$ cat my_file_20.tsv   # TSV, C-alpha atoms (C1' of nucleotides)
chain	number	residue	atom	x	y	z
A	1	MET	CA	168.29	-4.74	187.40
A	2	ASP	CA	165.79	-4.34	190.10
A	3	ILE	CA	167.24	-3.39	193.43
A	4	SER	CA	170.77	-2.91	192.19
A	5	ILE	CA	170.96	0.68	193.35
A	6	GLU	CA	170.10	-0.37	196.87
A	7	ARG	CA	172.76	-3.03	196.70
A	8	LEU	CA	175.29	-0.47	195.60
A	9	CYS	CA	174.29	1.78	198.47
A	10	ILE	CA	174.89	-1.00	200.95
A	11	GLU	CA	178.19	-1.91	199.38
A	12	ASN	CA	179.14	1.72	199.83
A	13	GLY	CA	178.28	1.61	203.49
A	14	LEU	CA	175.23	3.83	203.33
A	15	LYS	CA	172.47	3.49	205.87
A	16	MET	CA	169.35	2.23	204.22
A	17	THR	CA	166.65	4.39	205.65
A	18	GLY	CA	163.08	4.31	204.49
A	19	PRO	CA	163.31	7.31	202.18
A	20	ARG	CA	166.62	6.22	200.79
A	21	ARG	CA	165.31	2.77	200.04
A	22	VAL	CA	162.38	4.23	198.15
A	23	ILE	CA	164.55	6.59	196.15
A	24	ALA	CA	166.95	3.78	195.34
A	25	ARG	CA	164.05	1.73	194.10
A	26	VAL	CA	162.71	4.55	191.96
A	27	LEU	CA	166.14	5.00	190.45
A	28	SER	CA	166.53	1.31	189.79
A	29	GLU	CA	163.23	1.18	188.00
A	30	SER	CA	163.82	4.25	185.87
A	31	THR	CA	164.92	3.69	182.33
A	32	ASP	CA	164.96	7.37	181.44
A	33	HIS	CA	166.77	10.43	182.77
A	34	PRO	CA	164.57	11.92	185.45
A	35	ASP	CA	165.34	15.24	187.05
A	36	VAL	CA	165.16	15.69	190.80
A	37	ASP	CA	161.63	16.95	190.72
A	38	GLU	CA	160.49	13.94	188.76
A	39	LEU	CA	162.32	11.61	191.13
A	40	HIS	CA	160.59	13.32	194.00
A	41	ARG	CA	157.24	12.86	192.32
A	42	ARG	CA	157.88	9.18	191.70
A	43	ALA	CA	159.17	8.61	195.20
A	44	ASN	CA	156.12	10.34	196.62
A	45	ARG	CA	153.88	7.90	194.83
A	46	LEU	CA	155.41	5.25	197.09
A	47	ASP	CA	155.75	7.36	200.20
A	48	GLN	CA	154.15	10.75	200.58
A	49	ARG	CA	156.46	11.86	203.33
A	50	ILE	CA	159.70	11.97	201.35
A	51	SER	CA	160.85	15.55	201.00
A	52	LEU	CA	162.43	17.22	198.02
A	53	ALA	CA	165.47	18.06	200.12
A	54	THR	CA	166.05	14.41	200.81
A	55	VAL	CA	165.92	13.59	197.13
A	56	TYR	CA	168.48	16.29	196.46
A	57	ARG	CA	170.69	15.05	199.26
A	58	THR	CA	170.39	11.49	198.10
A	59	VAL	CA	171.24	12.00	194.44
A	60	ARG	CA	174.11	14.17	195.49
A	61	LEU	CA	175.41	11.49	197.78
A	62	LEU	CA	174.98	8.76	195.21
A	63	GLU	CA	176.72	10.84	192.62
A	64	ALA	CA	179.64	11.33	194.99
A	65	LYS	CA	179.77	7.58	195.54
A	66	GLY	CA	179.85	7.03	191.82
A	67	ILE	CA	176.50	5.26	191.83
A	68	LEU	CA	174.74	7.92	189.78
A	69	GLU	CA	175.82	10.25	187.02
A	70	ARG	CA	174.49	13.68	186.45
A	71	ARG	CA	173.47	14.80	182.97
A	72	ASP	CA	172.54	18.18	181.64
A	73	LEU	CA	170.94	17.52	178.30
A	74	GLY	CA	170.11	21.10	177.56
A	75	SER	CA	167.70	21.92	180.33
A	76	ARG	CA	168.53	23.83	183.44
A	77	ARG	CA	167.63	21.01	185.74
A	78	ALA	CA	170.09	18.25	186.41
A	79	ARG	CA	169.08	14.76	185.43
A	80	TYR	CA	170.40	11.52	186.79
A	81	GLU	CA	171.00	7.98	185.67
A	82	PRO	CA	172.77	4.97	187.14
A	83	SER	CA	176.41	5.03	186.15
A	84	GLY	CA	176.83	1.30	186.00
A	85	GLU	CA	175.30	0.95	182.59
A	86	LYS	CA	177.64	0.47	179.72
A	87	ASN	CA	178.71	3.57	177.91
A	88	HIS	CA	175.97	5.20	175.97
A	89	PHE	CA	175.31	8.63	174.65
A	90	HIS	CA	172.34	10.86	174.03
A	91	LEU	CA	170.47	11.97	170.98
A	92	VAL	CA	168.02	14.74	171.81
A	93	ASP	CA	165.05	15.53	169.61
A	94	GLN	CA	164.90	19.30	169.64
A	95	ASP	CA	161.23	19.31	168.80
A	96	SER	CA	159.88	16.90	171.36
A	97	GLY	CA	162.67	16.97	173.90
A	98	LYS	CA	162.78	13.20	173.85
A	99	VAL	CA	166.11	11.57	174.47
A	100	LEU	CA	167.33	8.47	172.68
A	101	GLU	CA	170.32	6.55	173.88
A	102	PHE	CA	172.85	5.02	171.59
A	103	ALA	CA	176.20	3.32	171.69
A	104	ALA	CA	179.17	4.38	169.58
A	105	PRO	CA	182.13	2.19	170.42
A	106	ASP	CA	184.05	3.31	167.35
A	107	ALA	CA	183.70	6.98	168.08
A	108	GLU	CA	184.55	6.22	171.68
A	109	LEU	CA	187.80	4.62	170.65
A	110	LEU	CA	188.74	7.53	168.47
A	111	LEU	CA	188.10	9.97	171.28
A	112	ARG	CA	189.92	7.95	173.86
A	113	ASP	CA	192.84	7.90	171.49
A	114	ILE	CA	192.81	11.62	170.98
A	115	ALA	CA	192.75	12.11	174.72
A	116	ARG	CA	195.66	9.75	175.16
A	117	GLN	CA	197.64	11.70	172.61
A	118	HIS	CA	197.25	14.68	174.87
A	119	GLY	CA	198.32	12.75	177.90
A	120	PHE	CA	194.90	12.31	179.43
A	121	ASP	CA	193.23	9.37	181.08
A	122	LEU	CA	189.55	9.75	180.42
A	123	ALA	CA	187.14	9.37	183.28
A	124	LEU	CA	184.04	10.30	181.37
A	125	ILE	CA	182.94	10.75	177.79
A	126	LYS	CA	179.88	12.84	177.14
A	127	ILE	CA	178.39	12.90	173.70
A	128	GLU	CA	175.15	14.69	173.08
A	129	LEU	CA	173.61	15.08	169.68
A	130	PHE	CA	170.85	17.58	169.10
A	131	GLY	CA	168.73	17.43	166.01
A	132	ARG	CA	165.33	17.05	164.50
A	133	ARG	CA	163.57	14.51	162.42
A	134	PRO	CA	162.67	15.76	158.97
A	135	ALA	CA	158.88	15.52	159.21
A	136	ALA	CA	158.88	12.55	156.88
A	137	LYS	CA	158.49	9.15	158.42
A	138	MET	CA	158.66	8.70	162.09
A	139	GLY	CA	157.27	5.96	164.18
A	140	ALA	CA	159.52	2.97	163.72
A	141	GLU	CA	161.58	2.70	166.85
A	142	GLU	CA	159.63	5.36	168.61
A	143	ALA	CA	159.53	2.70	171.25
A	144	MET	CA	162.97	3.38	172.63
A	145	ASN	CA	162.61	5.23	175.85
A	146	GLY	CA	160.91	8.52	175.77
A	147	ASP	CA	161.92	11.06	178.32
A	148	ARG	CA	160.15	13.78	180.08
A	149	ARG	CA	160.22	16.70	177.79
A	150	ASP	CA	161.30	20.00	179.19
A	151	SER	CA	164.78	19.81	177.87
A	152	GLN	CA	164.49	22.95	175.88
A	153	ALA	CA	161.87	25.58	176.13
A	154	ARG	CA	164.53	28.10	176.19
A	155	LEU	CA	165.97	26.99	172.91
A	156	HIS	CA	163.84	29.25	170.80
A	157	GLY	CA	161.86	31.53	173.00
A	158	GLU	CA	161.49	35.18	172.29
A	159	VAL	CA	164.01	37.01	174.25
A	160	GLN	CA	163.05	40.54	175.00
A	161	GLY	CA	159.90	41.22	176.84
A	162	THR	CA	157.34	44.00	176.88
B	1	MET	CA	186.43	35.77	164.81
B	2	ASP	CA	187.65	39.27	165.10
B	3	ILE	CA	184.92	41.84	165.15
B	4	SER	CA	182.73	39.38	163.40
B	5	ILE	CA	180.27	39.21	166.27
B	6	GLU	CA	179.25	42.79	165.71
B	7	ARG	CA	178.94	42.11	162.02
B	8	LEU	CA	176.75	39.13	162.72
B	9	CYS	CA	174.57	41.24	164.98
B	10	ILE	CA	174.05	43.75	162.22
B	11	GLU	CA	173.33	41.07	159.68
B	12	ASN	CA	170.71	39.82	162.07
B	13	GLY	CA	169.10	43.20	162.25
B	14	LEU	CA	170.04	43.98	165.82
B	15	LYS	CA	170.42	47.54	166.99
B	16	MET	CA	174.02	48.25	167.81
B	17	THR	CA	173.81	50.12	171.05
B	18	GLY	CA	176.80	51.07	173.11
B	19	PRO	CA	176.61	48.19	175.58
B	20	ARG	CA	175.88	45.70	172.88
B	21	ARG	CA	178.83	46.85	170.85
B	22	VAL	CA	181.13	46.42	173.83
B	23	ILE	CA	179.81	42.97	174.63
B	24	ALA	CA	180.15	41.94	171.00
B	25	ARG	CA	183.73	43.10	171.07
B	26	VAL	CA	184.50	41.24	174.25
B	27	LEU	CA	183.02	38.10	172.76
B	28	SER	CA	184.97	38.52	169.56
B	29	GLU	CA	188.20	38.86	171.44
B	30	SER	CA	187.64	35.90	173.73
B	31	THR	CA	189.38	32.70	172.84
B	32	ASP	CA	188.09	30.83	175.86
B	33	HIS	CA	184.65	29.98	177.22
B	34	PRO	CA	183.70	32.78	179.57
B	35	ASP	CA	180.63	32.63	181.77
B	36	VAL	CA	178.26	35.56	182.02
B	37	ASP	CA	179.94	36.95	185.08
B	38	GLU	CA	183.29	36.93	183.38
B	39	LEU	CA	181.84	38.58	180.29
B	40	HIS	CA	180.36	41.24	182.52
B	41	ARG	CA	183.72	41.78	184.16
B	42	ARG	CA	185.48	42.11	180.82
B	43	ALA	CA	182.82	44.39	179.41
B	44	ASN	CA	183.06	46.57	182.49
B	45	ARG	CA	186.73	47.09	181.88
B	46	LEU	CA	185.69	48.89	178.71
B	47	ASP	CA	182.56	50.53	180.05
B	48	GLN	CA	181.71	50.61	183.72
B	49	ARG	CA	178.05	51.26	183.16
B	50	ILE	CA	177.13	47.97	181.53
B	51	SER	CA	174.88	45.98	183.81
B	52	LEU	CA	174.89	42.28	184.44
B	53	ALA	CA	171.29	42.10	183.28
B	54	THR	CA	172.27	43.47	179.91
B	55	VAL	CA	174.97	40.87	179.52
B	56	TYR	CA	172.45	38.18	180.32
B	57	ARG	CA	169.96	39.63	177.87
B	58	THR	CA	172.57	39.96	175.19
B	59	VAL	CA	173.99	36.45	175.33
B	60	ARG	CA	170.48	35.11	175.39
B	61	LEU	CA	169.57	37.10	172.34
B	62	LEU	CA	172.72	36.12	170.50
B	63	GLU	CA	172.16	32.51	171.36
B	64	ALA	CA	168.65	32.74	169.94
B	65	LYS	CA	170.06	34.26	166.77
B	66	GLY	CA	172.53	31.44	166.49
B	67	ILE	CA	175.49	33.73	166.95
B	68	LEU	CA	176.57	32.20	170.25
B	69	GLU	CA	176.42	28.74	171.68
B	70	ARG	CA	175.95	27.91	175.29
B	71	ARG	CA	178.16	25.32	176.96
B	72	ASP	CA	177.94	23.68	180.30
B	73	LEU	CA	181.29	22.04	180.81
B	74	GLY	CA	180.55	20.70	184.24
B	75	SER	CA	180.05	23.87	186.20
B	76	ARG	CA	176.68	25.27	187.06
B	77	ARG	CA	177.19	28.52	185.24
B	78	ALA	CA	176.53	28.70	181.53
B	79	ARG	CA	179.46	29.55	179.31
B	80	TYR	CA	179.39	30.97	175.84
B	81	GLU	CA	181.39	30.88	172.67
B	82	PRO	CA	180.83	32.06	169.10
B	83	SER	CA	179.10	29.37	167.12
B	84	GLY	CA	180.67	30.23	163.82
B	85	GLU	CA	183.90	28.43	164.50
B	86	LYS	CA	184.37	25.08	162.90
B	87	ASN	CA	183.28	22.14	164.92
B	88	HIS	CA	185.44	21.47	167.90
B	89	PHE	CA	184.97	19.67	171.14
B	90	HIS	CA	186.15	19.98	174.68
B	91	LEU	CA	188.60	18.10	176.83
B	92	VAL	CA	188.32	19.15	180.45
B	93	ASP	CA	191.13	18.59	182.90
B	94	GLN	CA	189.33	17.55	186.05
B	95	ASP	CA	192.19	18.65	188.23
B	96	SER	CA	192.80	22.14	186.91
B	97	GLY	CA	189.50	22.82	185.24
B	98	LYS	CA	191.33	23.85	182.10
B	99	VAL	CA	189.59	23.23	178.84
B	100	LEU	CA	191.36	22.14	175.68
B	101	GLU	CA	189.64	22.20	172.36
B	102	PHE	CA	190.11	19.55	169.76
B	103	ALA	CA	188.75	18.46	166.43
B	104	ALA	CA	187.58	14.96	165.67
B	105	PRO	CA	186.27	14.82	162.14
B	106	ASP	CA	186.25	11.05	162.08
B	107	ALA	CA	184.23	10.69	165.25
B	108	GLU	CA	181.97	13.41	163.95
B	109	LEU	CA	181.26	11.45	160.81
B	110	LEU	CA	180.48	8.33	162.75
B	111	LEU	CA	178.05	10.18	164.96
B	112	ARG	CA	176.37	11.97	162.12
B	113	ASP	CA	175.88	8.59	160.56
B	114	ILE	CA	174.35	7.09	163.65
B	115	ALA	CA	171.97	10.01	163.89
B	116	ARG	CA	170.98	9.58	160.27
B	117	GLN	CA	170.21	5.95	160.92
B	118	HIS	CA	167.72	7.11	163.51
B	119	GLY	CA	166.23	9.55	161.06
B	120	PHE	CA	167.74	12.67	162.54
B	121	ASP	CA	169.31	15.73	161.00
B	122	LEU	CA	171.90	16.93	163.46
B	123	ALA	CA	171.98	20.56	164.39
B	124	LEU	CA	174.63	20.28	167.04
B	125	ILE	CA	177.19	17.80	168.25
B	126	LYS	CA	178.50	18.15	171.76
B	127	ILE	CA	181.44	16.09	172.85
B	128	GLU	CA	183.00	16.65	176.22
B	129	LEU	CA	185.78	14.53	177.60
B	130	PHE	CA	186.65	14.68	181.27
B	131	GLY	CA	189.87	13.25	182.53
B	132	ARG	CA	193.14	13.82	184.25
B	133	ARG	CA	196.75	13.75	183.32
B	134	PRO	CA	198.71	11.02	185.04
B	135	ALA	CA	201.48	13.14	186.51
B	136	ALA	CA	203.97	11.03	184.58
B	137	LYS	CA	204.94	11.97	181.08
B	138	MET	CA	203.16	14.99	179.90
B	139	GLY	CA	204.52	17.62	177.68
B	140	ALA	CA	205.05	16.32	174.18
B	141	GLU	CA	202.65	18.42	172.21
B	142	GLU	CA	200.36	20.93	173.64
B	143	ALA	CA	199.21	21.70	170.17
B	144	MET	CA	195.92	20.29	169.12
B	145	ASN	CA	194.55	19.13	165.83
B	146	GLY	CA	195.04	22.46	164.22
B	147	ASP	CA	192.46	24.21	166.30
B	148	ARG	CA	193.88	26.85	168.46
B	149	ARG	CA	194.98	25.62	171.79
B	150	ASP	CA	193.42	27.65	174.43
B	151	SER	CA	194.90	27.80	177.82
B	152	GLN	CA	192.34	29.71	179.68
B	153	ALA	CA	193.87	30.89	182.85
B	154	ARG	CA	191.39	32.06	185.34
B	155	LEU	CA	188.88	29.32	185.37
B	156	HIS	CA	186.89	28.91	188.43
B	157	GLY	CA	187.53	25.36	187.57
B	158	GLU	CA	186.00	22.97	189.97
B	159	VAL	CA	183.43	20.59	188.72
B	160	GLN	CA	181.64	19.43	191.80
B	161	GLY	CA	182.65	18.12	195.09
B	162	THR	CA	181.36	17.09	198.38
C	1	DG	C1'	158.78	59.02	166.42
C	2	DT	C1'	158.75	54.28	167.73
C	3	DA	C1'	160.19	49.95	168.78
C	4	DG	C1'	163.96	48.04	170.79
C	5	DT	C1'	167.41	48.55	174.87
C	6	DT	C1'	169.17	49.53	179.31
C	7	DG	C1'	169.83	49.79	184.64
C	8	DC	C1'	168.12	48.71	188.76
C	9	DA	C1'	165.97	46.15	191.94
C	10	DA	C1'	162.81	42.64	192.78
C	11	DA	C1'	161.39	38.12	191.64
C	12	DG	C1'	162.13	33.28	190.08
C	13	DC	C1'	163.96	28.79	189.63
C	14	DC	C1'	166.73	25.16	191.09
C	15	DT	C1'	169.59	23.61	194.78
C	16	DT	C1'	171.70	23.71	199.31
C	17	DT	C1'	171.66	24.21	204.28
C	18	DG	C1'	170.63	25.07	209.48
C	19	DC	C1'	168.19	22.92	212.93
C	20	DG	C1'	165.78	20.05	215.90
C	21	DA	C1'	163.62	15.55	215.60
C	22	DT	C1'	164.30	10.58	214.14
C	23	DC	C1'	166.21	6.42	212.84
C	24	DG	C1'	169.61	2.65	211.53
C	25	DG	C1'	173.27	-0.38	212.76
D	1	DC	C1'	173.59	4.80	221.98
D	2	DC	C1'	175.78	7.81	218.42
D	3	DG	C1'	176.16	9.45	214.25
D	4	DA	C1'	173.74	9.53	209.96
D	5	DT	C1'	169.50	11.12	207.94
D	6	DC	C1'	165.04	13.47	207.64
D	7	DG	C1'	161.51	17.23	207.00
D	8	DC	C1'	160.82	21.93	206.97
D	9	DA	C1'	161.65	26.36	205.98
D	10	DA	C1'	164.96	29.75	205.11
D	11	DA	C1'	168.96	30.92	202.44
D	12	DG	C1'	171.97	30.81	198.18
D	13	DG	C1'	173.54	31.13	193.46
D	14	DC	C1'	172.54	32.02	188.92
D	15	DT	C1'	169.17	33.99	185.71
D	16	DT	C1'	165.08	36.51	184.36
D	17	DT	C1'	161.87	40.35	184.48
D	18	DG	C1'	158.83	44.73	185.50
D	19	DC	C1'	159.34	49.33	184.87
D	20	DA	C1'	160.63	53.92	183.53
D	21	DA	C1'	164.18	56.28	181.12
D	22	DC	C1'	166.69	56.28	176.97
D	23	DT	C1'	168.45	55.58	172.05
D	24	DA	C1'	169.31	53.59	167.39
D	25	DC	C1'	167.35	53.68	163.11

$ encode --input "my_file_20.tsv" --output "structure tokens"
Amino acid sequence: MDISIERLCIENGLKMTGPRRVIARVLSESTDHPDVDELHRRANRLDQRISLATVYRTVRLLEAKGILERRDLGSRRARYEPSGEKNHFHLVDQDSGKVLEFAAPDAELLLRDIARQHGFDLALIKIELFGRRPAAKMGAEEAMNGDRRDSQARLHGEVQGT
Amino acid sequence: MDISIERLCIENGLKMTGPRRVIARVLSESTDHPDVDELHRRANRLDQRISLATVYRTVRLLEAKGILERRDLGSRRARYEPSGEKNHFHLVDQDSGKVLEFAAPDAELLLRDIARQHGFDLALIKIELFGRRPAAKMGAEEAMNGDRRDSQARLHGEVQGT
DNA sequence: GTAGTTGCAAAGCCTTTGCGATCGG
DNA sequence: CCGATCGCAAAGGCTTTGCAACTAC
């Protein structure tokens, strides 16, 4: 799972320029759901010269090629992840903004079935759960994969100024 | 979901000003998932003077009060719907952009269970299915699991393209 | 009367784009 | 070599906000 994104790019007939190679590598090494700004930051650690615009253009291109998938996860910024991975969904901790991934093959089947009953072929299933952990015991599998927080921030905020 | 939005506003201690009353009414009468611009348009049919900024401020406030829920549904503009309604999810036709609502109590249970296993209390479950109808045999039933079917017409549909 | 609201226009945030320079195949 | 890609800065689309006037309670 190292350079797979780059491989996919090549298979899709994309020119592998310097910046693109770096971004592909950053994507391949990410196990979370970085937004464009974060990708830019990570890419810049490998090559200072890569511009934000290029990161935007690249994720857009890779999304069009089906190599990446865009996620929203509550924040205003788009986040990306490789689409190859087997179906998984997102459980967002509303307090910390952390995102856990989980599989739910049973639920998936049910949904696919419902869609079929309506005459649809599903291309994409998005399931996002938002909740909080009752203060009690945490820890345990905290080890999953934490995400950059930032997802909410507008979930509670006061609304009217002055 | 008739004039209930206004009632909810009052219960939440919000001042019922003219603009707010109109927006509440528009929301109460909507059976689809309008974006802010569309809400503004509808509100303006009842009162020309209502500004876009006020619509933004109002939906934000109502979302904070838990009266409305924001949806993304693939487009870049936020869409809103009353949160009171019983849990339902969205099936988006990628060709037309139309959104069907459906219920999936079984899937819901499964998911709630998964969340519990991770120590979470769920506040919100989002399920969005994206797919297309193979031109072949459609028809059959347009009626969903008891929820109201909702054929929103004017839907600036598209999801993303290149 | 006072705190909460509103309109308007300006500002902000994220994303896209025009353009000339560069680079990959 | 030719078209794809890049960096930069300017432009766009959607949303928020500062401010002074106004209004519900």

$ interface_residues --input "my_file_20.tsv" --of "chain D" --to "chain A" --cutoff "10 Å" --atoms "only C-alpha atoms (C1' of nucleotides)" --output "list in words"
DA4, DT5, DC6, DG7, DC8, DT17, DG18 and DC19 of chain D

$ calpha_fit_rmsd --input "my_file_20.tsv" --fixed "chain B" --moving "chain A"
4.6 Å

$ interface_residues --input "my_file_20.tsv" --of "chain B" --to "chain A" --cutoff "7 Å" --atoms "only C-alpha atoms" --output "PyMOL selection string"
chain B and resi 60-61+64+107+110+119-134+138+162

$ residues_around --input "my_file_20.tsv" --residues "D:DG12" --least-positions-apart "5" --cutoff "12 Å" --atoms "only C-alpha atoms (C1' of nucleotides)" --output "count of residues only"
5

$ interface_residues --input "my_file_20.tsv" --of "chain C" --to "chain B" --cutoff "9 Å" --atoms "all atoms listed in the file" --output "number ranges by chain"
C: 4-8

$ write_last_selection --input "my_file_20.tsv" --atoms "C-alpha atoms (C1' of nucleotides)" --output "short mmCIF file (atom, residue, chain, number, x, y, z; two decimals), keeping the file's coordinate frame"
data_model
loop_
_atom_site.label_atom_id
_atom_site.label_comp_id
_atom_site.auth_asym_id
_atom_site.auth_seq_id
_atom_site.Cartn_x
_atom_site.Cartn_y
_atom_site.Cartn_z
"C1'" DG C 4 163.96 48.04 170.79
"C1'" DT C 5 167.41 48.55 174.87
"C1'" DT C 6 169.17 49.53 179.31
"C1'" DG C 7 169.83 49.79 184.64
"C1'" DC C 8 168.12 48.71 188.76
#

$ residues_near_point --input "my_file_20.tsv" --point "(172.3, 1.8, 184.5)" --cutoff "10 Å" --atoms "only C-alpha atoms (C1' of nucleotides)" --output "mmCIF file with C-alpha atoms, in the coordinates of the input"
data_model
loop_
_atom_site.group_PDB
_atom_site.id
_atom_site.type_symbol
_atom_site.label_atom_id
_atom_site.label_comp_id
_atom_site.auth_asym_id
_atom_site.auth_seq_id
_atom_site.Cartn_x
_atom_site.Cartn_y
_atom_site.Cartn_z
ATOM 1 C CA MET A 1 168.290 -4.740 187.400
ATOM 2 C CA SER A 4 170.770 -2.910 192.190
ATOM 3 C CA ILE A 5 170.960 0.680 193.350
ATOM 4 C CA LEU A 27 166.140 5.000 190.450
ATOM 5 C CA SER A 28 166.530 1.310 189.790
ATOM 6 C CA GLU A 29 163.230 1.180 188.000
ATOM 7 C CA SER A 30 163.820 4.250 185.870
ATOM 8 C CA THR A 31 164.920 3.690 182.330
ATOM 9 C CA ASP A 32 164.960 7.370 181.440
ATOM 10 C CA ILE A 67 176.500 5.260 191.830
ATOM 11 C CA LEU A 68 174.740 7.920 189.780
ATOM 12 C CA GLU A 69 175.820 10.250 187.020
ATOM 13 C CA GLU A 81 171.000 7.980 185.670
ATOM 14 C CA PRO A 82 172.770 4.970 187.140
ATOM 15 C CA SER A 83 176.410 5.030 186.150
ATOM 16 C CA GLY A 84 176.830 1.300 186.000
ATOM 17 C CA GLU A 85 175.300 0.950 182.590
ATOM 18 C CA LYS A 86 177.640 0.470 179.720
ATOM 19 C CA ASN A 87 178.710 3.570 177.910
ATOM 20 C CA HIS A 88 175.970 5.200 175.970
#

$ atom_distance --input "my_file_20.tsv" --atom1 "atom CA of A:Arg7" --atom2 "atom C1' of C:DC23"
19.8 Å

$ atom_distance --input "my_file_20.tsv" --atom1 "atom CA of B:Arg77" --atom2 "atom CA of B:Glu38"
10.6 Å

$ residues_around --input "my_file_20.tsv" --residues "C:DT2" --least-positions-apart "2" --cutoff "12 Å" --atoms "all atoms listed in the file" --output "ChimeraX atom specification"
/C:4 /D:23-25

$ write_last_selection --input "my_file_20.tsv" --atoms "C-alpha atoms (C1' of nucleotides)" --output "PDB file, keeping the file's coordinate frame"
ATOM      1  C1'  DG C   4     163.960  48.040 170.790  1.00  0.00           C
TER       2       DG C   4
ATOM      3  C1'  DT D  23     168.450  55.580 172.050  1.00  0.00           C
ATOM      4  C1'  DA D  24     169.310  53.590 167.390  1.00  0.00           C
ATOM      5  C1'  DC D  25     167.350  53.680 163.110  1.00  0.00           C
TER       6       DC D  25
END

$ atom_distance --input "my_file_20.tsv" --atom1 "atom C1' of D:DT16" --atom2 "atom CA of B:Asp37"
14.9 Å

$ closest_residue --input "my_file_20.tsv" --among "C:DG1, C:DA10, C:DG24, C:DG18" --to "D:DC1" --atoms "all atoms listed in the file"
C:DG24

$ residues_around --input "my_file_20.tsv" --residues "B:Pro34" --least-positions-apart "4" --cutoff "7 Å" --atoms "only C-alpha atoms (C1' of nucleotides)" --output "VMD selection string"
chain B and resid 38 to 39 79 to 80

$ write_last_selection --input "my_file_20.tsv" --atoms "C-alpha atoms" --output "compact mmCIF listing (two decimals), keeping the file's coordinate frame"
# COMPACT_ATOMS: atom_id res chain seq x y z
CA GLU B 38 183.29 36.93 183.38
CA LEU B 39 181.84 38.58 180.29
CA ARG B 79 179.46 29.55 179.31
CA TYR B 80 179.39 30.97 175.84
